[in-house]
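Shown next: final32.txt, containing compact mmCIF, C-alpha atoms.
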# COMPACT_ATOMS: atom_id res chain seq x y z
CA MET A 278 -17.62 -1.46 9.45
CA LEU A 279 -15.91 -2.25 12.73
CA LEU A 280 -12.35 -1.09 13.43
CA LEU A 281 -10.45 -3.00 16.09
CA THR A 282 -7.17 -1.67 17.44
CA HIS A 283 -5.51 -0.74 20.73
CA PRO A 284 -3.00 1.90 21.90
CA SER A 285 -0.75 -0.82 23.34
CA MET A 286 0.25 -1.78 19.80
CA LEU A 287 2.20 1.48 19.59
CA ALA A 288 4.35 0.29 22.51
CA HIS A 289 5.82 -2.62 20.55
CA GLU A 290 9.15 -1.04 19.66
CA PRO A 291 11.78 -2.75 17.51
CA PRO A 292 15.16 -0.98 17.31
CA PRO A 293 15.46 2.48 15.73
CA GLY A 294 15.48 2.23 11.96
CA HIS A 295 13.49 -1.00 11.88
CA ALA A 296 10.92 -1.11 9.07
CA GLU A 297 8.06 -2.33 11.29
CA HIS A 298 7.79 0.63 13.68
CA PRO A 299 4.91 2.30 15.58
CA GLY A 300 4.61 5.05 12.98
CA ARG A 301 3.06 2.54 10.60
CA LEU A 302 0.00 2.09 12.79
CA ARG A 303 -0.24 5.80 13.53
CA ALA A 304 -0.25 6.54 9.80
CA VAL A 305 -3.05 4.05 9.15
CA LEU A 306 -5.20 5.26 12.05
CA ASP A 307 -4.73 8.90 11.05
CA ALA A 308 -5.80 8.06 7.49
CA LEU A 309 -8.96 6.35 8.77
CA ASP A 310 -10.00 9.18 11.08
CA GLY A 311 -12.68 10.61 8.81
CA MET A 312 -14.21 7.29 7.81
CA ASP A 313 -17.47 5.84 9.11
CA LEU A 314 -15.96 3.13 11.29
CA GLN A 315 -17.11 1.85 14.68
CA ARG A 316 -13.94 1.81 16.77
CA ARG A 317 -13.40 -0.87 19.40
CA GLU A 318 -10.52 -1.73 21.68
CA ALA A 319 -8.94 -5.05 20.84
CA PRO A 320 -9.08 -7.55 23.71
CA LEU A 321 -6.28 -9.87 24.72
CA ALA A 322 -6.41 -13.24 22.99
CA SER A 323 -6.56 -16.18 25.35
CA ARG A 324 -3.99 -18.94 25.36
CA ASP A 325 -6.70 -21.38 24.31
CA GLN A 326 -7.44 -19.27 21.23
CA ILE A 327 -3.76 -18.90 20.34
CA SER A 328 -3.02 -22.58 20.94
CA ARG A 329 -5.24 -23.60 18.03
CA VAL A 330 -2.29 -22.47 15.88
CA HIS A 331 0.70 -22.24 18.22
CA PRO A 332 1.35 -25.19 20.59
CA ARG A 333 1.40 -24.32 24.27
CA ASN A 334 5.10 -25.08 24.58
CA TYR A 335 5.76 -22.35 21.99
CA ILE A 336 3.53 -19.89 23.84
CA GLU A 337 5.20 -20.71 27.15
CA ALA A 338 8.70 -20.55 25.66
CA LEU A 339 8.09 -16.88 24.81
CA GLU A 340 7.49 -15.90 28.44
CA PRO A 341 11.17 -15.74 29.48
CA ALA A 342 11.85 -13.54 26.45
CA PHE A 343 8.96 -11.25 27.39
CA ALA A 344 10.38 -11.00 30.91
CA GLU A 345 13.87 -10.25 29.60
CA SER A 346 12.46 -7.59 27.27
CA GLN A 347 11.41 -5.49 30.28
CA ASN A 348 15.09 -4.55 30.60
CA ALA A 349 16.29 -4.61 26.99
CA ARG A 350 15.02 -5.56 23.55
CA VAL A 351 15.15 -9.26 22.75
CA ARG A 352 15.91 -10.51 19.25
CA LEU A 353 13.82 -13.57 18.36
CA ASP A 354 15.12 -13.98 14.81
CA PRO A 355 17.23 -11.80 12.47
CA ASP A 356 14.27 -9.48 11.79
CA THR A 357 11.99 -9.96 14.79
CA TYR A 358 12.33 -8.19 18.13
CA ILE A 359 10.28 -7.68 21.28
CA SER A 360 10.45 -4.77 23.71
CA ALA A 361 8.93 -3.93 27.08
CA GLY A 362 5.52 -3.22 25.54
CA SER A 363 5.44 -6.09 23.09
CA ARG A 364 3.64 -8.79 25.06
CA GLU A 365 0.38 -6.87 25.37
CA ALA A 366 0.58 -5.69 21.76
CA ILE A 367 1.10 -9.24 20.48
CA TYR A 368 -1.77 -10.68 22.50
CA ARG A 369 -4.09 -7.84 21.51
CA ALA A 370 -3.20 -8.13 17.82
CA ALA A 371 -4.37 -11.74 17.88
CA GLY A 372 -7.30 -10.78 20.09
CA ALA A 373 -8.44 -8.14 17.62
CA CYS A 374 -8.81 -10.75 14.90
CA VAL A 375 -10.64 -13.19 17.17
CA ALA A 376 -13.01 -10.47 18.41
CA ALA A 377 -13.65 -9.32 14.84
CA VAL A 378 -14.70 -12.84 13.86
CA ASP A 379 -17.01 -13.02 16.88
CA ALA A 380 -18.61 -9.65 16.12
CA VAL A 381 -19.22 -10.48 12.47
CA MET A 382 -20.56 -13.95 13.28
CA VAL A 383 -23.19 -12.56 15.67
CA GLY A 384 -24.24 -9.94 13.15
CA GLU A 385 -22.90 -6.77 14.74
CA ASP A 386 -21.57 -5.86 11.30
CA GLU A 387 -20.76 -7.69 8.08
CA MET A 388 -17.17 -6.49 7.99
CA ALA A 389 -14.31 -5.52 10.26
CA PHE A 390 -10.76 -4.22 9.89
CA CYS A 391 -8.09 -5.03 12.44
CA ALA A 392 -5.51 -2.23 12.54
CA VAL A 393 -2.83 -4.16 14.38
CA ARG A 394 0.86 -4.64 14.81
CA PRO A 395 3.01 -6.62 14.91
CA PRO A 396 1.83 -8.38 11.75
CA GLY A 397 1.34 -12.13 11.79
CA HIS A 398 1.35 -14.01 8.51
CA HIS A 399 4.99 -15.15 8.63
CA ALA A 400 4.72 -16.69 12.10
CA GLU A 401 4.93 -20.47 11.89
CA PRO A 402 3.31 -22.59 14.60
CA MET A 403 6.66 -23.02 16.38
CA THR A 404 8.73 -20.17 14.95
CA PRO A 405 8.58 -16.37 15.08
CA MET A 406 9.89 -14.76 11.91
CA GLY A 407 9.60 -11.80 9.58
CA PHE A 408 8.45 -9.30 12.26
CA CYS A 409 5.70 -11.79 13.33
CA ILE A 410 5.24 -13.66 16.64
CA PHE A 411 1.64 -14.95 16.59
CA ASN A 412 -0.15 -15.64 13.32
CA ASN A 413 -3.15 -13.36 13.80
CA VAL A 414 -5.12 -14.35 10.70
CA ALA A 415 -4.56 -18.09 11.17
CA ILE A 416 -5.71 -17.82 14.78
CA ALA A 417 -8.84 -16.05 13.54
CA ALA A 418 -9.46 -18.71 10.88
CA LEU A 419 -9.29 -21.61 13.32
CA HIS A 420 -11.40 -19.67 15.82
CA ALA A 421 -14.12 -19.26 13.20
CA LEU A 422 -14.04 -23.00 12.54
CA GLU A 423 -13.83 -24.26 16.12
CA ALA A 424 -15.77 -21.66 18.12
CA HIS A 425 -18.48 -20.95 15.56
CA GLY A 426 -18.89 -24.34 13.94
CA LEU A 427 -18.04 -23.28 10.41
CA SER A 428 -16.70 -25.79 7.94
CA ARG A 429 -14.98 -23.61 5.29
CA VAL A 430 -12.96 -20.47 6.00
CA ALA A 431 -10.86 -18.68 3.39
CA VAL A 432 -7.78 -16.50 3.79
CA VAL A 433 -6.68 -14.24 0.93
CA ASP A 434 -3.24 -12.66 1.33
CA PHE A 435 -2.13 -9.87 -1.02
CA ASP A 436 0.91 -8.79 0.98
CA VAL A 437 3.97 -8.60 -1.28
CA HIS A 438 5.66 -11.26 0.88
CA HIS A 439 4.27 -14.80 0.89
CA GLY A 440 2.31 -15.71 4.03
CA ASN A 441 4.28 -18.83 4.78
CA GLY A 442 2.96 -19.26 8.31
CA THR A 443 -0.66 -19.10 7.23
CA GLN A 444 0.01 -21.56 4.44
CA THR A 445 1.56 -23.99 6.92
CA VAL A 446 -1.74 -24.06 8.79
CA ALA A 447 -3.94 -24.25 5.67
CA GLU A 448 -2.00 -26.84 3.71
CA LYS A 449 -2.76 -29.47 6.38
CA ASP A 450 -6.40 -28.53 6.95
CA ALA A 451 -8.90 -28.88 4.11
CA ARG A 452 -11.33 -26.60 5.94
CA VAL A 453 -9.02 -23.63 5.33
CA PHE A 454 -8.46 -22.13 1.89
CA PHE A 455 -5.36 -19.98 1.43
CA ALA A 456 -4.57 -17.86 -1.62
CA SER A 457 -1.60 -15.55 -1.98
CA THR A 458 -0.29 -13.08 -4.52
CA HIS A 459 3.31 -12.14 -3.80
CA GLN A 460 6.59 -11.15 -5.37
CA ALA A 461 9.03 -13.97 -6.08
CA PRO A 462 11.86 -14.35 -5.54
CA LEU A 463 11.60 -12.45 -2.27
CA TYR A 464 11.50 -13.15 1.46
CA PRO A 465 10.63 -15.70 2.82
CA GLY A 466 11.31 -17.76 -0.31
CA THR A 467 8.13 -19.85 -0.14
CA GLY A 468 4.91 -19.74 -2.14
CA GLU A 469 5.63 -21.60 -5.35
CA ALA A 470 2.67 -22.30 -7.61
CA ASN A 471 3.09 -26.05 -7.09
CA GLU A 472 2.43 -25.75 -3.35
CA THR A 473 -1.26 -26.68 -3.34
CA GLY A 474 -2.13 -28.13 0.08
CA ILE A 475 -3.87 -31.27 1.26
CA ALA A 476 -6.97 -30.71 -0.90
CA ARG A 477 -5.77 -28.23 -3.50
CA ASN A 478 -6.88 -25.62 -0.98
CA VAL A 479 -3.71 -23.53 -1.39
CA VAL A 480 -3.37 -21.23 -4.41
CA ASN A 481 -0.09 -19.39 -4.85
CA THR A 482 0.39 -16.84 -7.63
CA PRO A 483 4.00 -15.63 -7.49
CA LEU A 484 4.72 -12.52 -9.52
CA PRO A 485 8.07 -11.11 -10.67
CA ALA A 486 9.73 -7.93 -9.46
CA GLY A 487 8.27 -5.04 -11.41
CA ALA A 488 4.88 -6.73 -11.78
CA SER A 489 2.31 -4.17 -12.92
CA SER A 490 -1.24 -3.47 -11.88
CA ALA A 491 -2.42 -5.35 -14.95
CA GLN A 492 -0.35 -8.44 -14.06
CA TRP A 493 -1.60 -8.46 -10.48
CA ARG A 494 -5.23 -8.00 -11.47
CA HIS A 495 -4.89 -10.76 -14.08
CA ALA A 496 -3.53 -13.12 -11.39
CA MET A 497 -6.45 -12.26 -9.13
CA GLU A 498 -9.05 -12.61 -11.89
CA THR A 499 -7.78 -15.87 -13.36
CA LYS A 500 -6.49 -17.72 -10.29
CA VAL A 501 -7.30 -16.33 -6.86
CA LEU A 502 -10.89 -15.16 -7.25
CA PRO A 503 -12.19 -18.21 -9.20
CA ALA A 504 -10.59 -20.58 -6.69
CA LEU A 505 -11.98 -18.58 -3.77
CA ASP A 506 -15.46 -18.65 -5.27
CA ALA A 507 -15.24 -22.37 -5.98
CA PHE A 508 -14.27 -23.05 -2.36
CA ALA A 509 -17.61 -21.48 -1.34
CA PRO A 510 -16.31 -20.03 1.93
CA GLU A 511 -18.56 -19.37 4.90
CA PHE A 512 -16.21 -16.62 6.06
CA ILE A 513 -13.43 -14.66 4.32
CA LEU A 514 -10.35 -13.32 6.09
CA VAL A 515 -7.88 -11.03 4.33
CA SER A 516 -4.22 -10.53 5.14
CA ALA A 517 -4.13 -6.95 3.95
CA GLY A 518 -0.52 -6.04 3.36
CA PHE A 519 0.04 -2.91 1.31
CA ASP A 520 3.73 -3.39 0.53
CA ALA A 521 3.07 -4.33 -3.11
CA HIS A 522 2.64 -0.56 -3.62
CA LYS A 523 5.19 0.88 -6.03
CA ALA A 524 6.56 3.22 -3.33
CA ASP A 525 7.33 0.48 -0.82
CA PRO A 526 11.04 0.18 0.07
CA LEU A 527 11.04 -3.58 0.79
CA ALA A 528 9.84 -4.88 -2.59
CA GLN A 529 9.58 -4.02 -6.27
CA MET A 530 5.99 -4.46 -7.38
CA GLU A 531 4.09 -1.60 -9.01
CA LEU A 532 0.62 -1.51 -7.46
CA VAL A 533 -1.19 1.72 -6.63
CA GLU A 534 -4.12 2.63 -4.39
CA ALA A 535 -6.67 1.90 -7.12
CA ASP A 536 -5.53 -1.72 -7.24
CA PHE A 537 -6.21 -2.28 -3.55
CA ALA A 538 -9.64 -0.66 -4.01
CA TRP A 539 -10.35 -2.95 -6.98
CA GLY A 540 -9.29 -5.98 -4.94
CA ALA A 541 -11.55 -4.91 -2.07
CA GLN A 542 -14.55 -4.71 -4.35
CA ALA A 543 -13.84 -8.11 -5.89
CA LEU A 544 -13.47 -9.77 -2.48
CA ARG A 545 -16.58 -8.05 -1.16
CA GLU A 546 -18.62 -9.33 -4.11
CA ILE A 547 -17.64 -12.93 -3.37
CA ALA A 548 -18.32 -12.41 0.33
CA LEU A 549 -21.82 -11.16 -0.49
CA GLN A 550 -22.48 -14.08 -2.83
CA ARG A 551 -20.97 -16.83 -0.71
CA CYS A 552 -20.96 -15.94 2.99
CA LYS A 553 -23.52 -13.26 3.83
CA GLY A 554 -20.92 -10.54 3.38
CA ARG A 555 -18.74 -11.80 6.23
CA LEU A 556 -15.28 -10.39 5.66
CA VAL A 557 -12.57 -9.49 8.18
CA SER A 558 -9.30 -7.86 7.07
CA THR A 559 -6.18 -7.54 9.17
CA LEU A 560 -3.17 -5.32 8.58
CA GLU A 561 0.04 -7.05 7.55
CA GLY A 562 2.87 -5.20 5.76
CA GLY A 563 3.37 -1.80 4.18
CA TYR A 564 6.49 0.24 4.92
CA ASP A 565 6.23 3.52 3.03
CA LEU A 566 4.03 5.55 5.38
CA PRO A 567 2.17 7.74 2.84
CA ALA A 568 1.56 4.77 0.55
CA LEU A 569 0.48 2.57 3.46
CA ALA A 570 -1.96 5.16 4.76
CA SER A 571 -3.51 5.99 1.39
CA SER A 572 -3.70 2.33 0.34
CA ALA A 573 -5.40 1.22 3.55
CA SER A 574 -7.95 4.02 3.34
CA ALA A 575 -8.62 3.30 -0.35
CA TYR A 576 -9.11 -0.41 0.42
CA LEU A 577 -11.56 0.23 3.25
CA ALA A 578 -13.47 2.92 1.35
CA ALA A 579 -13.93 0.48 -1.53
CA LEU A 580 -15.17 -2.25 0.81
CA GLN A 581 -17.79 0.11 2.14
CA ARG A 582 -18.89 1.11 -1.37
CA ALA A 583 -19.10 -2.41 -2.78
Please lay out the structure from this file as structure tokens.
Amino acid sequence: MLLLTHPSMLAHEPPPGHAEHPGRLRAVLDALDGMDLQRREAPLASRDQISRVHPRNYIEALEPAFAESQNARVRLDPDTYISAGSREAIYRAAGACVAAVDAVMVGEDEMAFCAVRPPGHHAEPMTPMGFCIFNNVAIAALHALEAHGLSRVAVVDFDVHHGNGTQTVAEKDARVFFASTHQAPLYPGTGEANETGIARNVVNTPLPAGASSAQWRHAMETKVLPALDAFAPEFILVSAGFDAHKADPLAQMELVEADFAWGAQALREIALQRCKGRLVSTLEGGYDLPALASSASAYLAALQRA
């Protein structure tokens, strides 16, 4: 399996005490040290690649904020900041996902994991939010469609927070399938089960606070996985957020490492059956460092075993 990351992502520095801090990525990379992964430096995404999701006026409107951040942190929304090192980190986070798609499509490996920050799945085409500036997984999905000529790309998001930005892209494009398990009610307040997209290509499975492993696995087995299989994707992308873990401070679900491993195996099986094993995962949330590290390593180890 390929591992795409870059040291610049540690230089994206929200204020002290912010949940989405550089220690998250360090914890994940440390946990993956002993695994059989081919490490690669994430390239910078191009504006053309990013503009498939984010209009150029949005991309250009960020430049004054990036310039201002060289002197002091800039607050883009109540939760989202940029610092002097953020521009490169943001472009490389998106670039990691694009490069992972390219590598898998040309057969360098069947799978890749993008260990990136900042995360991306809350970023709307014209709005940064929820720690996210560019929507990394949506950029990767449209790149797979447009640059590689695919016709059906799926995104599965098991972050505890609904991937509203990714859904915004998918719900208007029948070529993109989006499925999410998430706690509700919880930030950002989207992801109702009746939000189904232009071609019933959006599948939301909101779960209550305190949802157990059994409840989450039932939602996956009865809703997400059958719909994913029926879509018959040519490529699967995963927004791998590990904040549904019972130790996470930002939510109240009760998953453990074994659940993420189980999910990895289930997704890998569909990838093998439907799309030649092509599966790229990208890091989203997870804010308890030990739980994040152990969950990410359990997820990747299970992918490799499946």
### Task
Give me, please, the distance in Å between atom CA of A:Leu505 and atom CA of A:Asn481, quoted to one decimal.
12.0 Å
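What separates atom CA of A:Ala496 from atom CA of A:Trp539 is a distance of 13.0 Å.
Of the residues listed (A:Leu287, A:Met497, A:Ala366, A:Met388), A:Ala366 shows the shortest atom-to-atom separation from A:Cys409; distances use all atoms listed in the file.
Between atom CA of A:His439 and atom CA of A:Ala389 there is a distance of 22.8 Å.
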Hey, could you make a per-residue contact list for stretch 384-423 of chain A against stretch 559-563 of chain A with 9 Å as the cut-off, showing the nearest pair of atoms and its distance in Å to one decimal, counting all atoms listed in the file, sorted by chain and number, as CSV?
residue,atom,partner,partner_atom,distance
A:Ala389,CA,A:Thr559,CA,8.4
A:Phe390,CA,A:Thr559,CA,5.7
A:Cys391,CA,A:Thr559,CA,4.5
A:Ala392,CA,A:Leu560,CA,5.5
A:Val393,CA,A:Leu560,CA,5.9
A:Arg394,CA,A:Leu560,CA,7.5
A:Pro395,CA,A:Glu561,CA,7.9
A:Pro396,CA,A:Glu561,CA,4.8
A:Gly397,CA,A:Glu561,CA,6.7
A:His398,CA,A:Glu561,CA,7.1
A:Asn413,CA,A:Thr559,CA,8.0
A:Val414,CA,A:Thr559,CA,7.1
### Message
Please return as a PyMOL selection string every residue within 12 Å of (-4.5, -26.4, 3.3), taking into account only C-alpha atoms and the file's own coordinates.
### Response
chain A and resi 415+418+429-432+441-456+472-481+508
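Distance annotation: of A:His438, A:His295, A:His420, A:Arg364, the residue with the minimal separation from A:His522 is A:His438; atom set is only C-alpha atoms.
Candidate residues A:Pro485, A:Gly294, A:Pro299, A:Gly468 were compared for distance to A:Gly362, and the nearest is A:Pro299, using only C-alpha atoms.
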